[in-house]
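Notes to accompany the following structure.
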Number of protein chains: 6
Amino acid sequence: MACLPPSVHRLIELALEEDLGRGDVTSEALIPPDREAVGEVLVKARGVIAGLEVAAAVFRAVDPTLAWEALARDGEAVSPGQVVARVSGRARSILAAERTALNFLQRLSGIATLTARYVEALRGTRARLTDTRKTTPGWRYLEKMAVRAGGGHSHRLDLAGGILIKDNHLALSGNDIPAAIRAVREQAPHTLRVEVEVTSLAGVEAALAAGAEVILLDNMSLEEMRRAVALVSGRALLEASGGITLETVRAVAETGVDLISSGAITHSATALDLSLEIR
Amino acid sequence: MACLPPSVHRLIELALEEDLGRGDVTSEALIPPDREAVGEVLVKARGVIAGLEVAAAVFRAVDPTLAWEALARDGEAVSPGQVVARVSGRARSILAAERTALNFLQRLSGIATLTARYVEALRGTRARLTDTRKTTPGWRYLEKMAVRAGGGHSHRLDLAGGILIKDNHLALSGNDIPAAIRAVREQAPHTLRVEVEVTSLAGVEAALAAGAEVILLDNMSLEEMRRAVALVSGRALLEASGGITLETVRAVAETGVDLISSGAITHSATALDLSLEIR
Amino acid sequence: MACLPPSVHRLIELALEEDLGRGDVTSEALIPPDREAVGEVLVKARGVIAGLEVAAAVFRAVDPTLAWEALARDGEAVSPGQVVARVSGRARSILAAERTALNFLQRLSGIATLTARYVEALRGTRARLTDTRKTTPGWRYLEKMAVRAGGGHSHRLDLAGGILIKDNHLALSGNDIPAAIRAVREQAPHTLRVEVEVTSLAGVEAALAAGAEVILLDNMSLEEMRRAVALVSGRALLEASGGITLETVRAVAETGVDLISSGAITHSATALDLSLEIR
Amino acid sequence: MACLPPSVHRLIELALEEDLGRGDVTSEALIPPDREAVGEVLVKARGVIAGLEVAAAVFRAVDPTLAWEALARDGEAVSPGQVVARVSGRARSILAAERTALNFLQRLSGIATLTARYVEALRGTRARLTDTRKTTPGWRYLEKMAVRAGGGHSHRLDLAGGILIKDNHLALSGNDIPAAIRAVREQAPHTLRVEVEVTSLAGVEAALAAGAEVILLDNMSLEEMRRAVALVSGRALLEASGGITLETVRAVAETGVDLISSGAITHSATALDLSLEIR
Amino acid sequence: MACLPPSVHRLIELALEEDLGRGDVTSEALIPPDREAVGEVLVKARGVIAGLEVAAAVFRAVDPTLAWEALARDGEAVSPGQVVARVSGRARSILAAERTALNFLQRLSGIATLTARYVEALRGTRARLTDTRKTTPGWRYLEKMAVRAGGGHSHRLDLAGGILIKDNHLALSGNDIPAAIRAVREQAPHTLRVEVEVTSLAGVEAALAAGAEVILLDNMSLEEMRRAVALVSGRALLEASGGITLETVRAVAETGVDLISSGAITHSATALDLSLEIR
Amino acid sequence: MACLPPSVHRLIELALEEDLGRGDVTSEALIPPDREAVGEVLVKARGVIAGLEVAAAVFRAVDPTLAWEALARDGEAVSPGQVVARVSGRARSILAAERTALNFLQRLSGIATLTARYVEALRGTRARLTDTRKTTPGWRYLEKMAVRAGGGHSHRLDLAGGILIKDNHLALSGNDIPAAIRAVREQAPHTLRVEVEVTSLAGVEAALAAGAEVILLDNMSLEEMRRAVALVSGRALLEASGGITLETVRAVAETGVDLISSGAITHSATALDLSLEIR
């Protein structure tokens, strides 16, 4: 969506308040209020850019008279030396917003970049890479957006965006898998699929028999995953999950699973190096 | 501070709304509302814990009737298998808050853990490790808290928490270093020190002569830093900055600088692995 | 969920501010601040109660020292003269919160009551009654909760809680049904089912062939619906929608459709008559 | 006022967040971001339109680049087939805002429409129709605006916008009517009139003697109301209240009362049928 | 009201964030987190105390475990050396909240104190002292509360809490006084009185004839006010306004006016000297 | 900074809601919605203007179509009869915003005016006038801005914008001055200076010896201050504080101190008289 939801604007407001809420004592003492400048967002490492709309919104929130021009699109591969955006107007406003805008852009681009490496590793397999709910609190919308910019897909967006029956649900409710599936089918929106987490092939069989539409294979070995794929044979989607790394992701995909979910692409991405250069 | 500032409570509210705002369709369908449970926060990798107060605040925000018991303190080194906190009460509430609480705790502990590794590398030198303003937007207070939990120190907390004259300030104001220092001294609060960023020994001399209390050595070689230390000879604090890694940080410290700042400890920390186990 | 999400607390805050933000000039002039009272929420018309948690939250938000005792549960059928809750404490606080608490309770109970009448009309058929997104702005969570209290079910909770391809999507994208289904399958979360709106039996066939998991029959005649049921024969869920009234809902259900959605149960429910009596 | 108060903008923000906060998975998968469209708000039932400014604000909040043109004014009688507004710009933005804008407009127009029917029934009498505080929580300002659009009047806007002494105030304070009027006159702002609720002619006499400027006749018979009118003879305003319906409202007015208040026009109005058609 | 409206809690949140949002670097470095203390709010100048509930709310907002005991009530005359409240618990929390709590209390007590001096000057006359809308933005509710604590009364609480027709309204609408009164009577809530601002005796006559319930005498001489009192002779309330000082207020009251409004009691009150002493 | 931080916009929102949240019943009844007007902000007393940006933001927040033209700059000395700003557009919008805009401007200009009188009294001395943390809660940023407009300087902006060791810190921590300075130096950001409050010359000596960069002389006599100046002889900054008035401030400055802080310039400034005249 071209337009960011209200919660993202609230996060931007929090971010500006925490850095700028008492003013910028250095710039206010040195730079005349009417001095103009042009800043360029410069890429300093290879990667995939994401978050340009958010960066633009940060500059606009600081000073609506700043002009912003994007020179790249989210999801685009970028290289050192490339300028991905240009902002012009009052110099004080540009300096005031600089760090916050870059902090958004570096983190989101870092996620897109790491995602793209996983996706590249999957090339030619049938597996789709998905994120998880292991996102930075307050950043769910943005980080899932960055994963998609990197070529990944969204798993459920929140606790109401999918049904996922885990061990704890069974233990705390006293249900077995068939009873649990019946209960959620009876109560939950028909617009959602039912996914069940299992840890064994017996679990896969039980879930499939009970009508699970997606089965999450939790920390299974490659061999178990292959057998699960053969067993299910297309009657449900299979998701591999648990400790999958950039080194192991292709082997997992080659078992034939449909989905591979990774918490690391959001919770352990590192920033993409970017800077703002005043011209 | 034992008590978190209002902005952190607003971030927690954003985080709960984004995950729980439409309810938890799975748990609501399966777990009776009066079912009770006990959850334990379990460490799964070596590191330093940080953010326990925030995690507690998340559980309380979801359900004020939950009981929380911390079994460790922020800044404590932890090992796999260690339980750092216990939460008990309504099972649905625990499951609803689980992911958000862990997401806070994993990120903050990741930062504390990485910081502690840098600090360990500095042991025996005079250098203090500091963070930067390269923090996750909305998380400034928390990430600086985590850095301190890991044994690091805070650089300026926001744009008003210190004076830092950079190249852009000089270029945009047309001042040289002495004029810039006079201008900020004339206008800025007397409670703040003046720090000046320089890129050469000539800059060091100019800043020192003009009365800078802290001098930031931007991307200097080890040799230049050593000469700067000799030149300044205790008359100002010297801060090394720019691309310093865990591999290089000790060599930098051994030049005799007072401060080493690192953006990586906040923008490129990875999550510490933790989970919540239902007993 | 026993605990209301942050957005509901924000709505309660808006509601209290709009009524109480300048104080209660009458009570403050007349009632001593330490006068105590007991109030009872009295039912004055047959119906189904919903919103008791919200009413409790309103009283608590006005004055945390008030004691609230629920004497019924959401979803319970109630009759005139029945007391469904009791609140005690400072008289001024009870009067200050009274109107806002009742306004929440009357509207939500009105929705539950109307829903229950539709559900009663469906008794013995296979059809599930669902709501729509035609809810009062700001009240989405609460009104969907009230529909469930009345025995109905939730359709998608928001624009991200289900995929629903409508005419406008086809027209604006230039896709036919199979292309549209492929596109959403390619991009949208795997946790969501694909529902397609059709207006003819040809549309039903196309959607089914293209893999739609739910087909929305928009404003079809009873005869067309019966033929759609026969045609699909369980291979997808069928949802009837469009102008269905309490008078026609059973006949629609008897065509064999799986789901009947009604905007009227939220946008055109009238308040259930309740009052607060001071004892 | 042409400009909506901040609380209405906060309600709009809540409304957009609840529907759009996680994005619009269907439109984002299908409609290119730069596709343009024109939407028309089409009337599908006779009524009175209200809320056009709010609908405009919803579209603007989603996307400030959308162009909105109102083709009717609040308070105007409208007929099926009539287009009351046109919005143009990015297709995704229009679809994203559509439901929320319509939900506001349908509810407010429903209230204006029902109010207009009551007002029509009063034509030629001296009685003014007023609303009550029985409004949808969070919607006080908007629903009172819609009542005025329908030809009704506002009763007190909040607990500080008028003095209204009810039975509970007398009972809890131990005052009789004269003592209560003295107490509120002594303390409350001189800018407010004093209204007293009574249930008998004796109450009317007591209130009048004690200087009440408005007397609320609670659930009186037509005969009692006529006698109250004769008794008061213009020395105070008389307000009829309690269970007045569209069927009985004219007979009540013909007793000669000055004011008739109705909770039903806000709490039991049903939506006016409107849709947004893409051209 | 014992309970503060939501907007006051939002102001408290703003106030805490602006002082405490980055922590308290001095106390955190020096005072152990578990150190306990007792603080006493000490009066250092004669005056009238106001705002004790707000101060309590500030301490509670910083740390809910602090214990607060009020030793005086709002509106009470206080003397140097008097302790008006005691707070105990974590020393860091007390120090963190101290300044904000005192800032509220000093300003509100300053207003109550100045108001009480005006009220004292009016003793024995029939005139009531009222405030105006010239209050500190964000503080309307609190400052009007402080005026009442000082023995004054509230004028209209906001732009909807009374009708006040001024010169600008007549000029911009082209109405004379009778037409303006008819227009507001026709449209505004019946719960509000009509007040008209006049600058001459002719204006008084016109307003009275047209049915004004309150007449504001703007910047009239004492002689004119006396003649206005004689002319009106109790048929409307008369309010004196404009540049009235503590020196002139009694003479104004002795003209026989009913109301004297003063902007100075809110916009030009000075702080009452208070401190917090750690025992 | 040309741009106000988010917290100021939140304060403006609170201020508009409290005055305008239920509408403006008088203007809405009298002034046609499309009537245009021009208003001028007129100075009625000598002083220094401050807050023009905030006033502009208030008008824009009420109605973005209003045009604002500043005819003076913050910090400018103004005289009765001078027009400092002009606003034009919809008459209703101008009247709706008038009072709130003036309330901001009158208070901030009152602070700038009082500050300027203190600064004038210091002319020719070396002393800098600073504010304190005794600001109106919610107004910290704005009041410190007004002090600077009046020629004063900011003391620490919040509890994290400077280190200030007071008696309570020593008493509650059990540290003497040297230990306290070591502790804060060890933990607090290196960007902040250390200031120590003392009450005697012995304290001055201790603080100086321990490395304090600023020493606050609390309620010392002029003679003591002179001796402190001689003693320190430029090795630290000296701040005079405690009950300094306009009458005594010059004598204090003539002792040779570097800084004089005054709570009165914020907590006891009175409003500058301004009005808005409709042309």
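As shown in the structure tokens, the chain order sets the letters A, B, ...; within each chain, residues go from 1, and ligands are also counted from 1 in the order they appear.
Distance criterion 6 Å to chain E, applied with only C-alpha atoms, yields Ser154, His155, Arg156, Gly161, Gly162, Pro189, Thr191, Leu192 and Arg193 of chain D on chain D.
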message: Going by DSSP on the backbone, which residues of stretch 88-217 of chain F come out as alpha helix (DSSP H)? List them as JSON, numbers by chain.
response: {"F": [91, 92, 93, 94, 95, 96, 97, 98, 99, 100, 101, 102, 103, 104, 105, 106, 107, 108, 109, 110, 111, 112, 113, 114, 115, 116, 117, 118, 119, 120, 121, 140, 141, 142, 143, 144, 145, 146, 147, 148, 149, 167, 168, 169, 170, 171, 172, 173, 177, 178, 179, 180, 181, 182, 183, 184, 185, 186, 187, 201, 202, 203, 204, 205, 206, 207, 208, 209]}
Using C-alpha atoms, can you export the residues from the last selection as a PDB file, in the first residue's frame?
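So the final result, stored in selection.pdb, reads:
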ATOM      1  CA  ALA F  91     -14.316  33.694   9.984  1.00  0.00           C
ATOM      2  CA  ARG F  92     -15.606  30.754  12.042  1.00  0.00           C
ATOM      3  CA  SER F  93     -12.198  29.124  12.028  1.00  0.00           C
ATOM      4  CA  ILE F  94     -10.453  32.309  13.108  1.00  0.00           C
ATOM      5  CA  LEU F  95     -12.846  32.825  16.019  1.00  0.00           C
ATOM      6  CA  ALA F  96     -12.592  29.181  17.015  1.00  0.00           C
ATOM      7  CA  ALA F  97      -8.792  29.302  17.228  1.00  0.00           C
ATOM      8  CA  GLU F  98      -8.473  32.865  18.549  1.00  0.00           C
ATOM      9  CA  ARG F  99      -8.527  32.245  22.281  1.00  0.00           C
ATOM     10  CA  THR F 100      -6.189  29.243  22.238  1.00  0.00           C
ATOM     11  CA  ALA F 101      -3.686  30.967  19.967  1.00  0.00           C
ATOM     12  CA  LEU F 102      -3.703  34.077  22.148  1.00  0.00           C
ATOM     13  CA  ASN F 103      -3.398  32.039  25.324  1.00  0.00           C
ATOM     14  CA  PHE F 104      -0.203  30.460  23.991  1.00  0.00           C
ATOM     15  CA  LEU F 105       1.173  33.754  22.752  1.00  0.00           C
ATOM     16  CA  GLN F 106       0.338  35.758  25.880  1.00  0.00           C
ATOM     17  CA  ARG F 107       1.996  33.303  28.219  1.00  0.00           C
ATOM     18  CA  LEU F 108       5.131  32.789  26.143  1.00  0.00           C
ATOM     19  CA  SER F 109       5.490  36.517  25.492  1.00  0.00           C
ATOM     20  CA  GLY F 110       5.003  37.158  29.199  1.00  0.00           C
ATOM     21  CA  ILE F 111       7.945  34.868  29.930  1.00  0.00           C
ATOM     22  CA  ALA F 112      10.097  36.457  27.221  1.00  0.00           C
ATOM     23  CA  THR F 113       9.230  39.895  28.553  1.00  0.00           C
ATOM     24  CA  LEU F 114      10.107  39.114  32.148  1.00  0.00           C
ATOM     25  CA  THR F 115      13.300  37.378  31.055  1.00  0.00           C
ATOM     26  CA  ALA F 116      14.304  40.413  29.031  1.00  0.00           C
ATOM     27  CA  ARG F 117      13.936  42.612  32.111  1.00  0.00           C
ATOM     28  CA  TYR F 118      16.322  40.378  34.049  1.00  0.00           C
ATOM     29  CA  VAL F 119      18.737  40.278  31.137  1.00  0.00           C
ATOM     30  CA  GLU F 120      18.610  44.058  30.841  1.00  0.00           C
ATOM     31  CA  ALA F 121      19.505  44.294  34.537  1.00  0.00           C
ATOM     32  CA  ARG F 140       8.939  22.650  29.024  1.00  0.00           C
ATOM     33  CA  TYR F 141      10.033  22.973  25.407  1.00  0.00           C
ATOM     34  CA  LEU F 142       7.988  26.102  24.781  1.00  0.00           C
ATOM     35  CA  GLU F 143       8.876  27.950  27.973  1.00  0.00           C
ATOM     36  CA  LYS F 144      12.595  27.344  27.513  1.00  0.00           C
ATOM     37  CA  MET F 145      12.201  28.632  23.961  1.00  0.00           C
ATOM     38  CA  ALA F 146      10.521  31.770  25.333  1.00  0.00           C
ATOM     39  CA  VAL F 147      13.345  32.303  27.815  1.00  0.00           C
ATOM     40  CA  ARG F 148      15.836  32.231  24.950  1.00  0.00           C
ATOM     41  CA  ALA F 149      13.627  34.630  22.991  1.00  0.00           C
ATOM     42  CA  ASP F 167      22.020  17.586  49.012  1.00  0.00           C
ATOM     43  CA  ASN F 168      19.364  14.926  48.684  1.00  0.00           C
ATOM     44  CA  HIS F 169      21.597  12.884  46.426  1.00  0.00           C
ATOM     45  CA  LEU F 170      24.388  12.955  48.966  1.00  0.00           C
ATOM     46  CA  ALA F 171      22.116  12.219  51.896  1.00  0.00           C
ATOM     47  CA  LEU F 172      20.290   9.362  50.171  1.00  0.00           C
ATOM     48  CA  SER F 173      23.435   7.782  48.741  1.00  0.00           C
ATOM     49  CA  ILE F 177      31.077  15.148  47.139  1.00  0.00           C
ATOM     50  CA  PRO F 178      34.211  13.449  45.764  1.00  0.00           C
ATOM     51  CA  ALA F 179      32.625  10.003  45.872  1.00  0.00           C
ATOM     52  CA  ALA F 180      29.475  11.326  44.253  1.00  0.00           C
ATOM     53  CA  ILE F 181      31.409  12.985  41.440  1.00  0.00           C
ATOM     54  CA  ARG F 182      33.380   9.803  40.836  1.00  0.00           C
ATOM     55  CA  ALA F 183      30.163   7.786  40.700  1.00  0.00           C
ATOM     56  CA  VAL F 184      28.426  10.016  38.177  1.00  0.00           C
ATOM     57  CA  ARG F 185      31.590  10.316  36.082  1.00  0.00           C
ATOM     58  CA  GLU F 186      31.825   6.552  36.051  1.00  0.00           C
ATOM     59  CA  GLN F 187      28.252   6.066  34.893  1.00  0.00           C
ATOM     60  CA  LEU F 201      32.682  27.993  50.853  1.00  0.00           C
ATOM     61  CA  ALA F 202      33.897  24.694  52.222  1.00  0.00           C
ATOM     62  CA  GLY F 203      31.526  23.055  49.802  1.00  0.00           C
ATOM     63  CA  VAL F 204      32.928  25.148  46.979  1.00  0.00           C
ATOM     64  CA  GLU F 205      36.429  23.997  47.816  1.00  0.00           C
ATOM     65  CA  ALA F 206      35.410  20.362  48.046  1.00  0.00           C
ATOM     66  CA  ALA F 207      33.556  20.472  44.752  1.00  0.00           C
ATOM     67  CA  LEU F 208      36.384  22.222  42.969  1.00  0.00           C
ATOM     68  CA  ALA F 209      38.967  19.802  44.288  1.00  0.00           C
TER      69      ALA F 209
END
field: Interatomic distance, atom CA of A:Leu272 to atom CA of B:Asp258 (Å, one decimal)
entry: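 Pair atom CA of A:Leu272 / atom CA of B:Asp258 returns 28.1 Å.
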- prompt: What lies within 7 Å of C:Ile49 using only C-alpha atoms, ignoring chain neighbours under 6 positions off, as a list in words?
  reply: Asp74, Gly75, Glu76, Ala77, Val78, Ser109 and Ala112 of chain C
With N, CA and C atoms retained, write the just-selected residues as an mmCIF file, in the first residue's frame.
data_model
loop_
_atom_site.group_PDB
_atom_site.id
_atom_site.type_symbol
_atom_site.label_atom_id
_atom_site.label_comp_id
_atom_site.auth_asym_id
_atom_site.auth_seq_id
_atom_site.Cartn_x
_atom_site.Cartn_y
_atom_site.Cartn_z
ATOM 1 N N ASP C 74 -21.611 -12.671 29.092
ATOM 2 C CA ASP C 74 -21.890 -12.306 27.709
ATOM 3 C C ASP C 74 -22.463 -13.514 26.983
ATOM 4 N N GLY C 75 -23.530 -13.300 26.236
ATOM 5 C CA GLY C 75 -24.131 -14.376 25.472
ATOM 6 C C GLY C 75 -25.336 -14.986 26.169
ATOM 7 N N GLU C 76 -25.574 -14.552 27.383
ATOM 8 C CA GLU C 76 -26.699 -15.114 28.142
ATOM 9 C C GLU C 76 -28.002 -14.410 27.739
ATOM 10 N N ALA C 77 -29.073 -15.210 27.624
ATOM 11 C CA ALA C 77 -30.389 -14.621 27.360
ATOM 12 C C ALA C 77 -30.895 -13.992 28.654
ATOM 13 N N VAL C 78 -31.427 -12.784 28.553
ATOM 14 C CA VAL C 78 -31.875 -12.062 29.751
ATOM 15 C C VAL C 78 -33.310 -11.586 29.579
ATOM 16 N N SER C 109 -25.377 -5.262 23.428
ATOM 17 C CA SER C 109 -26.450 -6.217 23.696
ATOM 18 C C SER C 109 -27.491 -6.174 22.586
ATOM 19 N N ALA C 112 -26.038 -8.361 19.911
ATOM 20 C CA ALA C 112 -26.128 -9.780 20.295
ATOM 21 C C ALA C 112 -27.566 -10.267 20.186
#
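Contact shell of C:Glu277 at 8 Å (only C-alpha atoms; same-chain neighbours under 5 positions omitted): C:Gly39, C:Glu40, C:Val41, C:Leu42.
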Long-range neighbours of F:Glu239 as a PyMOL selection string, 7 Å cut-off, only C-alpha atoms, 3 positions minimum in chain: chain F and resi 215-217+257-260
Emit the selected residues as a compact mmCIF listing (two decimals), in the first residue's frame, including N, CA, C and O atoms.
# COMPACT_ATOMS: atom_id res chain seq x y z
N ILE F 215 29.61 24.84 39.71
CA ILE F 215 29.25 24.79 41.13
C ILE F 215 28.07 25.72 41.36
O ILE F 215 28.10 26.89 40.98
N LEU F 216 27.02 25.17 41.94
CA LEU F 216 25.81 25.96 42.19
C LEU F 216 25.87 26.47 43.62
O LEU F 216 25.92 25.68 44.59
N LEU F 217 25.85 27.78 43.77
CA LEU F 217 25.91 28.41 45.08
C LEU F 217 24.49 28.64 45.56
O LEU F 217 23.79 29.54 45.07
N VAL F 257 29.81 36.01 39.46
CA VAL F 257 29.37 34.65 39.09
C VAL F 257 29.13 34.58 37.59
O VAL F 257 28.91 35.59 36.92
N ASP F 258 29.16 33.34 37.08
CA ASP F 258 29.00 33.14 35.65
C ASP F 258 27.55 32.98 35.24
O ASP F 258 27.17 33.28 34.12
N LEU F 259 26.77 32.43 36.13
CA LEU F 259 25.40 32.04 35.80
C LEU F 259 24.47 32.43 36.94
O LEU F 259 24.83 32.28 38.11
N ILE F 260 23.28 32.91 36.58
CA ILE F 260 22.25 33.16 37.60
C ILE F 260 21.00 32.47 37.11
O ILE F 260 20.52 32.74 36.01
- request: Mind listing the strand (DSSP E) residues of stretch 17-200 of chain F, per DSSP on the backbone, as a PyMOL selection string?
  value: chain F and resi 36-43+47-48+67-70+77-78+83-90+128-130+163-165+194-198
- request: Determine, counting only C-alpha atoms, which protein, DNA and RNA residues have an atom within 10 Å of an atom of D:Ala56; residues of the same chain fewer than 3 positions away are not included. Present the result as a list in words.
  value: Gly51, Leu52, Glu53, Phe59, Arg60, Ala61, Leu66, Ala67, Trp68, Glu69, Ala70, Ala85, Arg86, Val87, Ala97, Ala101 and Leu105 of chain D
Atoms to include: N, CA, C and O atoms. Write the selected residues as a PDB file, in the first residue's frame.
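Written out: selection-v1.pdb:
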ATOM      1  N   GLY D  51     -22.678  13.607   7.418  1.00  0.00           N
ATOM      2  CA  GLY D  51     -21.359  13.028   7.630  1.00  0.00           C
ATOM      3  C   GLY D  51     -20.428  13.173   6.445  1.00  0.00           C
ATOM      4  O   GLY D  51     -19.355  12.562   6.421  1.00  0.00           O
ATOM      5  N   LEU D  52     -20.773  14.006   5.491  1.00  0.00           N
ATOM      6  CA  LEU D  52     -19.912  14.108   4.295  1.00  0.00           C
ATOM      7  C   LEU D  52     -18.519  14.612   4.644  1.00  0.00           C
ATOM      8  O   LEU D  52     -17.525  14.152   4.080  1.00  0.00           O
ATOM      9  N   GLU D  53     -18.419  15.538   5.595  1.00  0.00           N
ATOM     10  CA  GLU D  53     -17.099  16.045   6.000  1.00  0.00           C
ATOM     11  C   GLU D  53     -16.244  14.921   6.618  1.00  0.00           C
ATOM     12  O   GLU D  53     -15.029  14.895   6.457  1.00  0.00           O
ATOM     13  N   PHE D  59     -11.034   9.655   3.671  1.00  0.00           N
ATOM     14  CA  PHE D  59     -10.260   9.469   2.439  1.00  0.00           C
ATOM     15  C   PHE D  59      -8.934  10.219   2.510  1.00  0.00           C
ATOM     16  O   PHE D  59      -7.889   9.705   2.146  1.00  0.00           O
ATOM     17  N   ARG D  60      -8.996  11.462   3.009  1.00  0.00           N
ATOM     18  CA  ARG D  60      -7.764  12.250   3.124  1.00  0.00           C
ATOM     19  C   ARG D  60      -6.764  11.614   4.086  1.00  0.00           C
ATOM     20  O   ARG D  60      -5.557  11.677   3.882  1.00  0.00           O
ATOM     21  N   ALA D  61      -7.279  11.011   5.168  1.00  0.00           N
ATOM     22  CA  ALA D  61      -6.385  10.395   6.139  1.00  0.00           C
ATOM     23  C   ALA D  61      -5.685   9.184   5.541  1.00  0.00           C
ATOM     24  O   ALA D  61      -4.529   8.902   5.843  1.00  0.00           O
ATOM     25  N   LEU D  66      -5.802  12.029  -2.629  1.00  0.00           N
ATOM     26  CA  LEU D  66      -7.131  11.787  -3.206  1.00  0.00           C
ATOM     27  C   LEU D  66      -7.896  13.107  -3.320  1.00  0.00           C
ATOM     28  O   LEU D  66      -7.814  13.959  -2.437  1.00  0.00           O
ATOM     29  N   ALA D  67      -8.659  13.242  -4.394  1.00  0.00           N
ATOM     30  CA  ALA D  67      -9.493  14.439  -4.569  1.00  0.00           C
ATOM     31  C   ALA D  67     -10.939  14.090  -4.216  1.00  0.00           C
ATOM     32  O   ALA D  67     -11.464  13.063  -4.669  1.00  0.00           O
ATOM     33  N   TRP D  68     -11.567  14.925  -3.429  1.00  0.00           N
ATOM     34  CA  TRP D  68     -12.937  14.680  -2.963  1.00  0.00           C
ATOM     35  C   TRP D  68     -13.815  15.832  -3.406  1.00  0.00           C
ATOM     36  O   TRP D  68     -13.456  16.990  -3.250  1.00  0.00           O
ATOM     37  N   GLU D  69     -14.963  15.497  -3.934  1.00  0.00           N
ATOM     38  CA  GLU D  69     -15.915  16.533  -4.332  1.00  0.00           C
ATOM     39  C   GLU D  69     -17.274  16.170  -3.762  1.00  0.00           C
ATOM     40  O   GLU D  69     -17.838  15.119  -4.097  1.00  0.00           O
ATOM     41  N   ALA D  70     -17.794  17.026  -2.918  1.00  0.00           N
ATOM     42  CA  ALA D  70     -19.123  16.785  -2.358  1.00  0.00           C
ATOM     43  C   ALA D  70     -20.169  17.294  -3.334  1.00  0.00           C
ATOM     44  O   ALA D  70     -20.039  18.399  -3.867  1.00  0.00           O
ATOM     45  N   ALA D  85     -21.235  12.271  -3.584  1.00  0.00           N
ATOM     46  CA  ALA D  85     -19.826  12.683  -3.541  1.00  0.00           C
ATOM     47  C   ALA D  85     -19.045  11.852  -4.532  1.00  0.00           C
ATOM     48  O   ALA D  85     -19.475  10.759  -4.939  1.00  0.00           O
ATOM     49  N   ARG D  86     -17.901  12.400  -4.911  1.00  0.00           N
ATOM     50  CA  ARG D  86     -17.041  11.706  -5.876  1.00  0.00           C
ATOM     51  C   ARG D  86     -15.613  11.800  -5.354  1.00  0.00           C
ATOM     52  O   ARG D  86     -15.185  12.848  -4.877  1.00  0.00           O
ATOM     53  N   VAL D  87     -14.900  10.691  -5.426  1.00  0.00           N
ATOM     54  CA  VAL D  87     -13.513  10.685  -4.960  1.00  0.00           C
ATOM     55  C   VAL D  87     -12.644  10.107  -6.069  1.00  0.00           C
ATOM     56  O   VAL D  87     -13.026   9.123  -6.711  1.00  0.00           O
ATOM     57  N   ALA D  97     -10.024   2.940   1.797  1.00  0.00           N
ATOM     58  CA  ALA D  97     -10.821   3.827   2.638  1.00  0.00           C
ATOM     59  C   ALA D  97     -12.318   3.595   2.506  1.00  0.00           C
ATOM     60  O   ALA D  97     -13.093   4.002   3.391  1.00  0.00           O
ATOM     61  N   ALA D 101     -15.188   4.895   5.267  1.00  0.00           N
ATOM     62  CA  ALA D 101     -15.922   6.119   4.917  1.00  0.00           C
ATOM     63  C   ALA D 101     -17.422   5.840   4.847  1.00  0.00           C
ATOM     64  O   ALA D 101     -18.234   6.604   5.372  1.00  0.00           O
ATOM     65  N   LEU D 105     -20.635   7.298   7.056  1.00  0.00           N
ATOM     66  CA  LEU D 105     -21.697   8.004   6.344  1.00  0.00           C
ATOM     67  C   LEU D 105     -23.045   7.304   6.524  1.00  0.00           C
ATOM     68  O   LEU D 105     -24.082   7.964   6.683  1.00  0.00           O
TER      69      LEU D 105
END
Interatomic distance (Å, one decimal) between atom CA of D:Ile31 and atom CA of D:Gly81: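 About the pair atom CA of D:Ile31 and atom CA of D:Gly81: they are 27.6 Å apart.
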